[in-house]
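Raw input25.cif, mmCIF, C-alpha atoms:
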data_query
loop_
_atom_site.label_atom_id
_atom_site.label_comp_id
_atom_site.auth_asym_id
_atom_site.auth_seq_id
_atom_site.Cartn_x
_atom_site.Cartn_y
_atom_site.Cartn_z
CA MET A 1388 0.00 0.00 0.00
CA ALA A 1389 2.87 2.35 0.81
CA GLU A 1390 3.82 3.05 -2.80
CA ASP A 1391 0.20 3.91 -3.60
CA ARG A 1392 -0.32 6.30 -0.74
CA ASN A 1393 0.15 9.40 -2.78
CA ASP A 1394 -2.19 8.11 -5.46
CA TRP A 1395 -5.36 8.48 -3.42
CA PRO A 1396 -7.16 11.33 -5.15
CA LEU A 1397 -8.40 14.39 -3.32
CA TRP A 1398 -12.13 14.95 -2.76
CA GLU A 1399 -14.05 18.03 -1.75
CA VAL A 1400 -16.68 17.45 0.92
CA PHE A 1401 -20.04 19.20 1.18
CA VAL A 1402 -22.27 18.74 4.21
CA ARG A 1403 -25.88 19.76 4.70
CA SER A 1404 -26.29 20.53 8.36
CA ARG A 1405 -30.07 20.11 8.38
CA ASN A 1406 -33.04 19.76 6.11
CA GLY A 1407 -33.94 22.87 4.16
CA LEU A 1408 -30.40 24.23 4.04
CA ALA A 1409 -27.97 23.89 1.17
CA HIS A 1410 -24.88 21.70 1.23
CA ARG A 1411 -21.88 23.69 2.35
CA HIS A 1412 -18.24 23.11 1.54
CA VAL A 1413 -16.48 21.92 4.69
CA GLY A 1414 -13.08 20.73 3.47
CA SER A 1415 -11.34 17.97 1.61
CA LEU A 1416 -9.94 14.48 2.15
CA HIS A 1417 -8.19 11.61 0.36
CA ALA A 1418 -10.05 8.44 -0.68
CA VAL A 1419 -9.72 5.87 -3.43
CA ASP A 1420 -13.27 6.37 -4.75
CA GLY A 1421 -16.52 8.20 -4.08
CA GLU A 1422 -17.98 5.53 -1.85
CA MET A 1423 -14.96 5.58 0.43
CA ALA A 1424 -14.90 9.37 0.34
CA VAL A 1425 -18.46 9.52 1.69
CA GLU A 1426 -17.51 7.11 4.48
CA MET A 1427 -14.37 9.01 5.35
CA ALA A 1428 -16.36 12.26 5.32
CA ARG A 1429 -18.68 10.77 7.92
CA ASP A 1430 -15.78 10.20 10.27
CA VAL A 1431 -13.70 13.27 9.46
CA TYR A 1432 -16.41 15.94 9.14
CA CYS A 1433 -19.60 14.60 10.77
CA ARG A 1434 -18.40 13.01 13.99
CA ARG A 1435 -20.01 15.70 16.10
CA ALA A 1436 -23.42 15.39 14.42
CA GLU A 1437 -22.70 18.19 11.97
CA GLY A 1438 -24.82 16.89 9.15
CA VAL A 1439 -27.74 14.98 7.67
CA SER A 1440 -26.38 14.63 4.13
CA VAL A 1441 -22.94 14.46 2.52
CA TRP A 1442 -21.82 15.16 -1.05
CA VAL A 1443 -18.31 14.52 -2.34
CA ALA A 1444 -16.76 15.58 -5.65
CA ARG A 1445 -13.33 14.96 -7.08
CA SER A 1446 -11.31 18.11 -6.49
CA ALA A 1447 -9.85 17.72 -9.97
CA ASP A 1448 -13.37 17.95 -11.45
CA ILE A 1449 -14.06 21.36 -9.98
CA VAL A 1450 -13.71 24.19 -12.47
CA ALA A 1451 -12.85 27.42 -10.68
CA SER A 1452 -12.72 31.04 -11.70
CA ASP A 1453 -9.27 32.42 -12.36
CA PRO A 1454 -8.08 34.64 -9.49
CA ALA A 1455 -6.08 36.70 -12.03
CA ARG A 1456 -9.34 37.63 -13.74
CA LYS A 1457 -10.94 38.90 -10.54
CA ASP A 1458 -11.30 42.41 -11.89
CA ASP A 1459 -13.36 41.71 -14.98
CA MET A 1460 -15.21 38.82 -13.31
CA PHE A 1461 -16.41 40.58 -10.20
CA GLU A 1462 -15.42 44.25 -10.11
CA PRO A 1463 -18.21 45.50 -12.46
CA MET A 1464 -20.89 44.32 -10.03
CA VAL A 1465 -19.57 46.18 -7.02
CA SER A 1466 -20.93 49.52 -8.27
CA LYS A 1467 -24.39 48.18 -9.14
CA ILE A 1468 -25.95 48.53 -5.76
CA TYR A 1469 -29.49 48.47 -7.23
CA ARG A 1470 -29.00 44.73 -7.80
CA HIS A 1471 -28.96 44.10 -4.07
CA PRO A 1472 -32.34 43.20 -2.62
CA THR A 1473 -31.74 45.52 0.30
CA PHE A 1474 -34.86 47.60 -0.38
CA TYR A 1475 -37.21 44.84 0.73
CA GLU A 1476 -38.48 44.17 4.20
CA ILE A 1477 -38.00 40.50 5.02
CA PRO A 1478 -41.00 39.08 6.86
CA SER A 1479 -39.98 37.79 10.25
CA GLU A 1480 -41.46 34.34 9.42
CA VAL A 1481 -38.85 33.82 6.70
CA LYS A 1482 -35.79 32.05 8.06
CA ASN A 1483 -32.43 31.21 6.59
CA ILE A 1484 -32.03 34.13 4.20
CA MET B 965 -32.09 -17.32 35.79
CA SER B 966 -29.53 -16.31 38.41
CA GLY B 967 -27.97 -12.87 38.65
CA GLY B 968 -24.64 -14.67 38.27
CA ALA B 969 -25.55 -15.79 34.75
CA ARG B 970 -26.56 -12.26 33.75
CA PHE B 971 -23.31 -10.90 35.20
CA GLU B 972 -21.27 -13.48 33.29
CA TYR B 973 -23.08 -12.73 30.06
CA LEU B 974 -22.65 -8.97 30.39
CA LEU B 975 -18.93 -9.52 31.01
CA ARG B 976 -18.67 -11.57 27.82
CA LEU B 977 -20.21 -8.80 25.76
CA GLY B 978 -18.61 -5.90 27.62
CA ASP B 979 -15.11 -7.38 27.81
CA SER B 980 -15.19 -8.24 24.11
CA CYS B 981 -16.02 -4.60 23.30
CA LEU B 982 -13.42 -3.26 25.74
CA VAL B 983 -10.56 -5.48 24.58
CA LEU B 984 -11.22 -5.03 20.86
CA GLY B 985 -11.79 -1.31 21.39
CA HIS B 986 -8.38 -1.04 23.02
CA ARG B 987 -6.74 -3.07 20.27
CA VAL B 988 -8.23 -0.83 17.56
CA SER B 989 -7.19 2.28 19.51
CA GLU B 990 -3.57 1.09 19.20
CA TRP B 991 -3.79 2.19 15.55
CA CYS B 992 -4.35 5.79 16.58
CA GLY B 993 -1.58 7.78 14.93
CA HIS B 994 -0.32 4.75 12.98
CA ALA B 995 -3.01 3.98 10.38
CA PRO B 996 -1.97 3.96 6.71
CA GLU B 997 -3.93 7.14 5.92
CA LEU B 998 -5.03 10.08 8.05
CA GLU B 999 -8.67 9.49 7.10
CA GLU B 1000 -8.50 5.81 8.05
CA ASP B 1001 -6.77 6.74 11.30
CA ILE B 1002 -9.81 8.83 12.26
CA ALA B 1003 -12.24 6.13 11.09
CA LEU B 1004 -10.50 3.47 13.21
CA ALA B 1005 -10.37 5.78 16.22
CA ASN B 1006 -14.13 6.26 15.89
CA VAL B 1007 -14.67 2.51 15.83
CA ALA B 1008 -12.48 2.16 18.92
CA LEU B 1009 -14.45 4.86 20.73
CA ASP B 1010 -17.78 3.28 19.80
CA LEU B 1011 -16.62 -0.07 21.18
CA THR B 1012 -15.28 1.51 24.36
CA GLY B 1013 -18.60 3.32 24.80
CA GLN B 1014 -20.47 0.04 24.43
CA ALA B 1015 -18.10 -1.56 26.94
CA ASP B 1016 -18.87 1.24 29.39
CA LEU B 1017 -22.62 0.60 29.15
CA LEU B 1018 -22.32 -3.19 29.31
CA LEU B 1019 -19.79 -3.28 32.15
CA GLY B 1020 -21.76 -0.64 34.03
CA GLU B 1021 -24.80 -2.89 33.81
CA ALA B 1022 -22.66 -5.88 34.84
CA ALA B 1023 -21.45 -4.01 37.91
CA ARG B 1024 -25.01 -3.11 38.91
CA THR B 1025 -26.06 -6.75 38.54
CA GLU B 1026 -23.15 -7.87 40.64
CA GLY B 1027 -24.11 -5.38 43.35
CA ARG B 1028 -20.76 -5.40 45.12
CA GLY B 1029 -19.97 -1.73 44.80
CA ARG B 1030 -17.79 -2.01 41.72
CA ASP B 1031 -18.37 0.17 38.65
CA ALA B 1032 -17.43 -0.14 34.97
CA ASP B 1033 -13.98 1.36 35.63
CA ALA B 1034 -13.26 -1.11 38.41
CA LEU B 1035 -14.20 -3.99 36.15
CA ALA B 1036 -12.14 -2.63 33.26
CA PHE B 1037 -9.00 -1.65 35.13
CA LEU B 1038 -8.82 -3.69 38.30
CA ARG B 1039 -9.33 -7.24 37.09
CA ASP B 1040 -6.58 -9.54 35.89
CA ALA B 1041 -6.55 -11.50 32.63
CA TRP B 1042 -8.20 -14.62 34.06
CA ASP B 1043 -11.24 -12.58 35.10
CA PHE B 1044 -11.81 -11.32 31.56
CA ARG B 1045 -14.54 -13.05 29.55
CA ASN B 1046 -13.90 -11.62 26.08
CA LEU B 1047 -13.85 -13.61 22.86
CA LEU B 1048 -10.25 -14.61 22.14
CA ILE B 1049 -10.43 -13.04 18.66
CA CYS B 1050 -10.70 -9.60 20.31
CA GLU B 1051 -7.31 -9.89 22.01
CA ARG B 1052 -5.41 -11.04 18.91
CA PRO B 1053 -2.60 -8.57 18.21
CA ASN B 1054 -3.25 -6.05 15.43
CA GLY B 1055 -0.68 -7.50 13.02
CA ASP B 1056 -0.79 -5.77 9.65
CA PHE B 1057 -3.71 -3.67 8.43
CA ALA B 1058 -5.32 -6.70 6.72
CA HIS B 1059 -5.20 -8.63 9.98
CA THR B 1060 -6.88 -5.80 11.87
CA ILE B 1061 -9.56 -5.38 9.21
CA VAL B 1062 -10.38 -9.09 8.90
CA ARG B 1063 -10.57 -9.42 12.69
CA GLN B 1064 -12.90 -6.43 12.77
CA PHE B 1065 -15.06 -7.78 9.96
CA LEU B 1066 -15.56 -11.23 11.52
CA PHE B 1067 -16.43 -9.56 14.84
CA ASP B 1068 -18.69 -6.86 13.33
CA ALA B 1069 -20.76 -9.45 11.45
CA TRP B 1070 -21.31 -11.30 14.73
CA GLN B 1071 -22.07 -8.14 16.68
CA VAL B 1072 -24.65 -6.94 14.14
CA GLU B 1073 -26.52 -10.26 14.38
CA LEU B 1074 -26.21 -10.32 18.17
CA TYR B 1075 -27.40 -6.75 18.79
CA ALA B 1076 -30.25 -7.13 16.29
CA ALA B 1077 -31.45 -10.16 18.28
CA LEU B 1078 -30.89 -8.41 21.63
CA THR B 1079 -33.10 -5.45 20.66
CA GLY B 1080 -35.97 -7.90 21.20
CA SER B 1081 -34.63 -9.07 24.59
CA GLY B 1082 -37.02 -9.42 27.50
CA ASP B 1083 -34.33 -7.62 29.55
CA SER B 1084 -35.10 -3.94 28.97
CA ALA B 1085 -31.63 -2.69 29.93
CA LEU B 1086 -29.95 -5.03 27.45
CA ALA B 1087 -32.50 -4.25 24.75
CA GLY B 1088 -31.83 -0.53 25.26
CA ILE B 1089 -28.06 -0.91 24.98
CA ALA B 1090 -28.45 -3.11 21.89
CA GLY B 1091 -30.83 -0.62 20.25
CA LYS B 1092 -28.22 2.12 20.54
CA ALA B 1093 -25.24 -0.06 19.67
CA VAL B 1094 -26.70 -1.87 16.66
CA LYS B 1095 -26.45 1.27 14.50
CA GLU B 1096 -22.79 1.64 15.41
CA ALA B 1097 -22.15 -2.03 14.68
CA GLU B 1098 -23.86 -1.78 11.29
CA TYR B 1099 -21.58 1.07 10.32
CA HIS B 1100 -18.49 -0.77 11.56
CA LEU B 1101 -19.52 -3.74 9.43
CA ARG B 1102 -19.95 -1.57 6.36
CA HIS B 1103 -16.53 -0.04 6.90
CA SER B 1104 -14.67 -3.30 7.60
CA GLY B 1105 -16.62 -5.20 4.93
CA GLU B 1106 -15.71 -2.71 2.22
CA TRP B 1107 -12.08 -2.92 3.25
CA VAL B 1108 -12.14 -6.72 3.12
CA VAL B 1109 -13.41 -6.48 -0.46
CA ARG B 1110 -10.79 -3.89 -1.40
CA LEU B 1111 -7.96 -5.89 0.16
CA GLY B 1112 -9.11 -9.28 -1.11
CA ASP B 1113 -9.93 -8.10 -4.61
CA GLY B 1114 -7.05 -5.60 -4.65
CA THR B 1115 -3.38 -6.10 -5.44
CA ALA B 1116 -1.55 -9.44 -5.22
CA GLU B 1117 0.09 -8.18 -2.01
CA SER B 1118 -3.14 -7.08 -0.32
CA ARG B 1119 -4.87 -10.28 -1.36
CA THR B 1120 -2.09 -12.48 0.07
CA ARG B 1121 -2.20 -10.57 3.34
CA ALA B 1122 -6.00 -10.65 3.59
CA GLN B 1123 -6.12 -14.40 2.95
CA ALA B 1124 -3.35 -15.00 5.50
CA ALA B 1125 -5.28 -12.97 8.07
CA LEU B 1126 -8.49 -14.85 7.35
CA ASP B 1127 -6.74 -18.22 7.69
CA ALA B 1128 -5.07 -17.16 10.96
CA LEU B 1129 -8.24 -15.74 12.56
CA TRP B 1130 -10.77 -18.30 11.38
CA PRO B 1131 -10.18 -20.74 14.29
CA TYR B 1132 -11.22 -17.91 16.65
CA THR B 1133 -14.74 -17.61 15.17
CA GLY B 1134 -16.13 -20.78 16.79
CA GLU B 1135 -16.33 -19.09 20.21
CA MET B 1136 -19.00 -16.68 18.94
CA PHE B 1137 -21.50 -19.52 18.74
CA GLU B 1138 -20.48 -21.53 21.79
CA THR B 1139 -23.25 -22.59 24.12
CA ASP B 1140 -22.86 -23.41 27.80
CA GLU B 1141 -24.89 -23.22 31.01
CA THR B 1142 -24.75 -19.43 31.07
CA SER B 1143 -25.97 -18.96 27.50
CA ALA B 1144 -28.63 -21.64 27.96
CA ALA B 1145 -29.97 -19.96 31.12
CA LEU B 1146 -30.18 -16.58 29.36
CA ALA B 1147 -31.86 -18.07 26.30
CA ALA B 1148 -34.40 -19.89 28.46
CA ALA B 1149 -35.21 -16.62 30.25
CA HIS B 1150 -35.55 -14.77 26.89
CA VAL B 1151 -32.76 -12.42 27.87
CA ALA B 1152 -30.32 -13.36 25.09
CA PRO B 1153 -30.48 -15.36 21.86
CA ASP B 1154 -29.13 -18.89 21.70
CA PRO B 1155 -25.59 -18.20 20.37
CA GLU B 1156 -26.00 -20.92 17.75
CA SER B 1157 -29.03 -19.09 16.34
CA LEU B 1158 -26.71 -16.25 15.25
CA ARG B 1159 -24.66 -18.52 13.01
CA PRO B 1160 -26.86 -18.54 9.86
CA GLY B 1161 -27.02 -14.72 9.69
CA TRP B 1162 -23.30 -14.38 10.40
CA THR B 1163 -22.49 -16.99 7.74
CA ARG B 1164 -24.62 -15.18 5.15
CA ILE B 1165 -22.76 -11.89 5.78
CA VAL B 1166 -19.33 -13.54 5.78
CA ASP B 1167 -20.00 -15.63 2.64
CA SER B 1168 -21.31 -12.63 0.75
CA ILE B 1169 -18.34 -10.37 1.55
CA LEU B 1170 -15.70 -13.09 1.11
CA GLY B 1171 -17.27 -13.94 -2.25
CA GLU B 1172 -17.08 -10.32 -3.35
CA ALA B 1173 -13.52 -10.15 -2.04
CA THR B 1174 -12.61 -13.34 -3.97
CA LEU B 1175 -11.12 -14.73 -0.74
CA THR B 1176 -11.28 -18.42 0.11
CA LYS B 1177 -13.29 -19.29 3.18
CA PRO B 1178 -11.21 -21.61 5.39
CA GLN B 1179 -12.41 -25.17 5.89
CA ALA B 1180 -14.35 -25.84 9.05
CA GLY B 1181 -11.92 -27.34 11.53
CA TRP B 1182 -10.63 -27.18 15.08
CA MET B 1183 -11.73 -24.04 16.89
CA GLN B 1184 -10.05 -22.10 19.69
CA THR B 1185 -11.93 -21.84 22.97
CA GLY B 1186 -11.43 -20.55 26.51
CA GLY B 1187 -12.25 -16.83 26.59
CA PHE B 1188 -15.57 -17.34 28.37
CA ASN B 1189 -13.75 -19.26 31.11
CA GLY B 1190 -10.87 -16.83 31.51
CA ARG B 1191 -8.34 -18.93 29.60
CA HIS B 1192 -6.62 -16.35 27.44
CA SER B 1193 -3.56 -16.09 25.25
CA GLU B 1194 -0.47 -14.29 26.51
CA ALA B 1195 -1.50 -11.39 24.26
CA LEU B 1196 -4.19 -10.24 26.70
CA GLY B 1197 -1.81 -9.87 29.64
CA HIS B 1198 0.51 -7.61 27.67
CA MET B 1199 -2.44 -5.55 26.48
CA LEU B 1200 -3.84 -5.15 30.00
CA ALA B 1201 -0.42 -4.09 31.29
CA THR B 1202 -0.64 -1.11 28.95
CA MET B 1203 -4.34 -0.45 29.32
CA GLN B 1204 -4.43 -0.70 33.12
CA PHE B 1205 -1.13 0.96 33.97
CA LEU B 1206 -2.43 4.43 34.72
CA PRO B 1207 -5.35 3.68 37.08
CA ARG B 1208 -3.22 1.11 38.88
CA ALA B 1209 -0.19 3.37 39.30
CA TYR B 1210 -2.34 6.40 40.19
CA PRO B 1211 -5.48 5.04 41.89
CA GLY B 1212 -8.44 7.38 41.57
CA ALA B 1213 -6.66 9.60 39.03
CA LYS B 1214 -8.98 12.04 37.22
CA TRP B 1215 -8.65 14.59 34.47
#

Encoding of this model in structure tokens:
Amino acid sequence: MAEDRNDWPLWEVFVRSRNGLAHRHVGSLHAVDGEMAVEMARDVYCRRAEGVSVWVARSADIVASDPARKDDMFEPMVSKIYRHPTFYEIPSEVKNI
Amino acid sequence: MSGGARFEYLLRLGDSCLVLGHRVSEWCGHAPELEEDIALANVALDLTGQADLLLGEAARTEGRGRDADALAFLRDAWDFRNLLICERPNGDFAHTIVRQFLFDAWQVELYAALTGSGDSALAGIAGKAVKEAEYHLRHSGEWVVRLGDGTAESRTRAQAALDALWPYTGEMFETDETSAALAAAHVAPDPESLRPGWTRIVDSILGEATLTKPQAGWMQTGGFNGRHSEALGHMLATMQFLPRAYPGAKW
């Protein structure tokens, strides 16, 4: 097994803490396949009852925005304050917004 | 049924959890992967937790002022009633996993049966513990398949572990006066009645793992009567050192 140790691929772990909420990225771990990654996630990230559902995805499969293109990706939105829904009153019955 | 039989039976279950839990905890910081290290530590903690409940109940049955800690730390090897398979040294990773798998399959069948026990305390402990045991079995079973149906090296090691540990599986289904008294009182299942379910689980996983099930043959015995291998004494020397050297120590 020793020579294969570095071959275990990296997985990103997403945990939903309770029903109605979205899965949230909590970290990463190494596992040989998805099934093992879910099991490992249970022990690494859910051992204090943090979740009710776990997703895993190969880190290599995640396509991310390029930090070098931050300016044209995100900067133009900063000045468009009218896109923020800050002019609405949120009813007190609505949770988790 | 006498209180003595219930005490003996609780020691068999509790000591098996305690001794295997300690064995598995020996991997802490040494497992082949960080993730597996945490997974094994969780299994060890689950088993130690079960031991705490079972030995606590044993101490209450005994009614001589001892508690779970006294039973765990202040008895010598000949007073332990664990299955001999639980005290087998860890060996390589395959050995640890195969030992765990054979035990988990038994524990799942046992706890499932005990949830219907006429003894409400035992049924309660089993109801909580069966979910832990089912997860342990999933974890160890998947590893048995990966090791058996893995590389030539992992397969050789898994088969060697299976062959070495197989003679220790007979004890799980041993019947004697204690088990007969508990079965008659509807407190615990007849140990032999657990064999078909255990065999189904083992056959299914070994088949998937392409491992060869050892021939039925001579089986080890003695754990229920306090006849242990030298391995237990060495383990207890480590496990019991602190409370014996510093009686009443707390943190």

Chain A residues near chain B (7 Å cut-off, all atoms listed in the file) as a count of residues only: 3

For atom CA of Arg970 of chain B and atom CA of Trp1130 of chain B, the interatomic separation in Å (one decimal):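 Pair atom CA of Arg970 of chain B / atom CA of Trp1130 of chain B returns 28.0 Å.
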
Residues near Glu990 of chain B, cut-off 12 Å, only C-alpha atoms, skip fewer than 2 positions along chain, as a PyMOL selection string: chain B and resi 983-988+992-995+1001+1004-1005+1007-1009+1051+1053-1055+1057+1060+1199+1202-1203

Distance criterion (only C-alpha atoms): nearest to Glu1098 of chain B out of B:Gly1114, B:Val1151, B:Ile1165, B:Leu1086: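 Nearest candidate to Glu1098 of chain B out of B:Gly1114, B:Val1151, B:Ile1165, B:Leu1086: B:Ile1165.
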
Residue members of the PyMOL selection byres ((chain A and resi 1413-1417) around 8) in the file shown, as an MDAnalysis selection string: (chainID A and resid 1395:1402 1411:1412 1418:1419 1424 1427:1428 1432) or (chainID B and resid 999)

Take the residues from that selection and put them in a file with C-alpha atoms, as a compact mmCIF listing (two decimals), in the frame of the given file.
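Below you can see out-v1.txt, which holds the result:
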# COMPACT_ATOMS: atom_id res chain seq x y z
CA TRP A 1395 -5.36 8.48 -3.42
CA PRO A 1396 -7.16 11.33 -5.15
CA LEU A 1397 -8.40 14.39 -3.32
CA TRP A 1398 -12.13 14.95 -2.76
CA GLU A 1399 -14.05 18.03 -1.75
CA VAL A 1400 -16.68 17.45 0.92
CA PHE A 1401 -20.04 19.20 1.18
CA VAL A 1402 -22.27 18.74 4.21
CA ARG A 1411 -21.88 23.69 2.35
CA HIS A 1412 -18.24 23.11 1.54
CA ALA A 1418 -10.05 8.44 -0.68
CA VAL A 1419 -9.72 5.87 -3.43
CA ALA A 1424 -14.90 9.37 0.34
CA MET A 1427 -14.37 9.01 5.35
CA ALA A 1428 -16.36 12.26 5.32
CA TYR A 1432 -16.41 15.94 9.14
CA GLU B 999 -8.67 9.49 7.10

Residue contacts of Asp1127 of chain B (12 Å, only C-alpha atoms) excluding same-chain residues fewer than 6 positions away, as a list in words: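 Residues meeting the cut-off are Ala1058, His1059, Val1062, Arg1063, Leu1066, Thr1120, Arg1121, Thr1133, Leu1175, Thr1176, Lys1177, Pro1178, Gln1179, Ala1180, Gly1181 and Met1183 of chain B.
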
Gln1184 of chain B surroundings by all atoms listed in the file, 8 Å radius, close-in-sequence under 5 positions cut, as a list in words: Leu1048, Pro1131, Tyr1132, Thr1133, Gly1134 and Glu1135 of chain B

Neighbours of point (-3.6, -14.4, 26.1) within 12 Å, using all atoms listed in the file, written as a PyMOL selection string: chain B and resi 983+1040-1053+1184-1187+1190-1201

Write out, as a PDB file, keeping the file's coordinate frame, the residues just selected, with C-alpha atoms.
ATOM      1  CA  VAL B 983     -10.560  -5.480  24.580  1.00  0.00           C
ATOM      2  CA  ASP B1040      -6.580  -9.540  35.890  1.00  0.00           C
ATOM      3  CA  ALA B1041      -6.550 -11.500  32.630  1.00  0.00           C
ATOM      4  CA  TRP B1042      -8.200 -14.620  34.060  1.00  0.00           C
ATOM      5  CA  ASP B1043     -11.240 -12.580  35.100  1.00  0.00           C
ATOM      6  CA  PHE B1044     -11.810 -11.320  31.560  1.00  0.00           C
ATOM      7  CA  ARG B1045     -14.540 -13.050  29.550  1.00  0.00           C
ATOM      8  CA  ASN B1046     -13.900 -11.620  26.080  1.00  0.00           C
ATOM      9  CA  LEU B1047     -13.850 -13.610  22.860  1.00  0.00           C
ATOM     10  CA  LEU B1048     -10.250 -14.610  22.140  1.00  0.00           C
ATOM     11  CA  ILE B1049     -10.430 -13.040  18.660  1.00  0.00           C
ATOM     12  CA  CYS B1050     -10.700  -9.600  20.310  1.00  0.00           C
ATOM     13  CA  GLU B1051      -7.310  -9.890  22.010  1.00  0.00           C
ATOM     14  CA  ARG B1052      -5.410 -11.040  18.910  1.00  0.00           C
ATOM     15  CA  PRO B1053      -2.600  -8.570  18.210  1.00  0.00           C
ATOM     16  CA  GLN B1184     -10.050 -22.100  19.690  1.00  0.00           C
ATOM     17  CA  THR B1185     -11.930 -21.840  22.970  1.00  0.00           C
ATOM     18  CA  GLY B1186     -11.430 -20.550  26.510  1.00  0.00           C
ATOM     19  CA  GLY B1187     -12.250 -16.830  26.590  1.00  0.00           C
ATOM     20  CA  GLY B1190     -10.870 -16.830  31.510  1.00  0.00           C
ATOM     21  CA  ARG B1191      -8.340 -18.930  29.600  1.00  0.00           C
ATOM     22  CA  HIS B1192      -6.620 -16.350  27.440  1.00  0.00           C
ATOM     23  CA  SER B1193      -3.560 -16.090  25.250  1.00  0.00           C
ATOM     24  CA  GLU B1194      -0.470 -14.290  26.510  1.00  0.00           C
ATOM     25  CA  ALA B1195      -1.500 -11.390  24.260  1.00  0.00           C
ATOM     26  CA  LEU B1196      -4.190 -10.240  26.700  1.00  0.00           C
ATOM     27  CA  GLY B1197      -1.810  -9.870  29.640  1.00  0.00           C
ATOM     28  CA  HIS B1198       0.510  -7.610  27.670  1.00  0.00           C
ATOM     29  CA  MET B1199      -2.440  -5.550  26.480  1.00  0.00           C
ATOM     30  CA  LEU B1200      -3.840  -5.150  30.000  1.00  0.00           C
ATOM     31  CA  ALA B1201      -0.420  -4.090  31.290  1.00  0.00           C
TER      32      ALA B1201
END

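When only C-alpha atoms are used to measure the gap to Thr1142 of chain B, the shortest distance among B:Ile1089, B:Leu975, B:Leu1011, B:Ile1169 belongs to B:Leu975.
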
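With only C-alpha atoms as the atoms that count, the residue of A:Glu1422, A:Glu1437, A:Glu1462, A:Asp1448 with the shortest distance to Asn1406 of chain A is A:Glu1437.
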
d(atom CA of Leu1035 of chain B, atom CA of Ser989 of chain B) in Å: 19.1 Å

Atomic distance atom CA of Arg1039 of chain B - atom CA of Glu1138 of chain B, expressed in Å with one decimal: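 Separating atom CA of Arg1039 of chain B from atom CA of Glu1138 of chain B is a distance of 23.7 Å.
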
Written as a PDB file with C-alpha atoms, in the coordinates of the input, what is the full residue list that the PyMOL selection byres ((chain B and resi 1074) around 10) yields on the file shown?
ATOM      1  CA  LEU B 977     -20.210  -8.800  25.760  1.00  0.00           C
ATOM      2  CA  ASP B1068     -18.690  -6.860  13.330  1.00  0.00           C
ATOM      3  CA  ALA B1069     -20.760  -9.450  11.450  1.00  0.00           C
ATOM      4  CA  TRP B1070     -21.310 -11.300  14.730  1.00  0.00           C
ATOM      5  CA  GLN B1071     -22.070  -8.140  16.680  1.00  0.00           C
ATOM      6  CA  VAL B1072     -24.650  -6.940  14.140  1.00  0.00           C
ATOM      7  CA  GLU B1073     -26.520 -10.260  14.380  1.00  0.00           C
ATOM      8  CA  TYR B1075     -27.400  -6.750  18.790  1.00  0.00           C
ATOM      9  CA  ALA B1076     -30.250  -7.130  16.290  1.00  0.00           C
ATOM     10  CA  ALA B1077     -31.450 -10.160  18.280  1.00  0.00           C
ATOM     11  CA  LEU B1078     -30.890  -8.410  21.630  1.00  0.00           C
ATOM     12  CA  THR B1079     -33.100  -5.450  20.660  1.00  0.00           C
ATOM     13  CA  ALA B1090     -28.450  -3.110  21.890  1.00  0.00           C
ATOM     14  CA  VAL B1094     -26.700  -1.870  16.660  1.00  0.00           C
ATOM     15  CA  ALA B1097     -22.150  -2.030  14.680  1.00  0.00           C
ATOM     16  CA  MET B1136     -19.000 -16.680  18.940  1.00  0.00           C
ATOM     17  CA  ALA B1152     -30.320 -13.360  25.090  1.00  0.00           C
ATOM     18  CA  PRO B1153     -30.480 -15.360  21.860  1.00  0.00           C
ATOM     19  CA  ASP B1154     -29.130 -18.890  21.700  1.00  0.00           C
ATOM     20  CA  PRO B1155     -25.590 -18.200  20.370  1.00  0.00           C
ATOM     21  CA  SER B1157     -29.030 -19.090  16.340  1.00  0.00           C
ATOM     22  CA  LEU B1158     -26.710 -16.250  15.250  1.00  0.00           C
ATOM     23  CA  ARG B1159     -24.660 -18.520  13.010  1.00  0.00           C
ATOM     24  CA  GLY B1161     -27.020 -14.720   9.690  1.00  0.00           C
ATOM     25  CA  TRP B1162     -23.300 -14.380  10.400  1.00  0.00           C
TER      26      TRP B1162
END
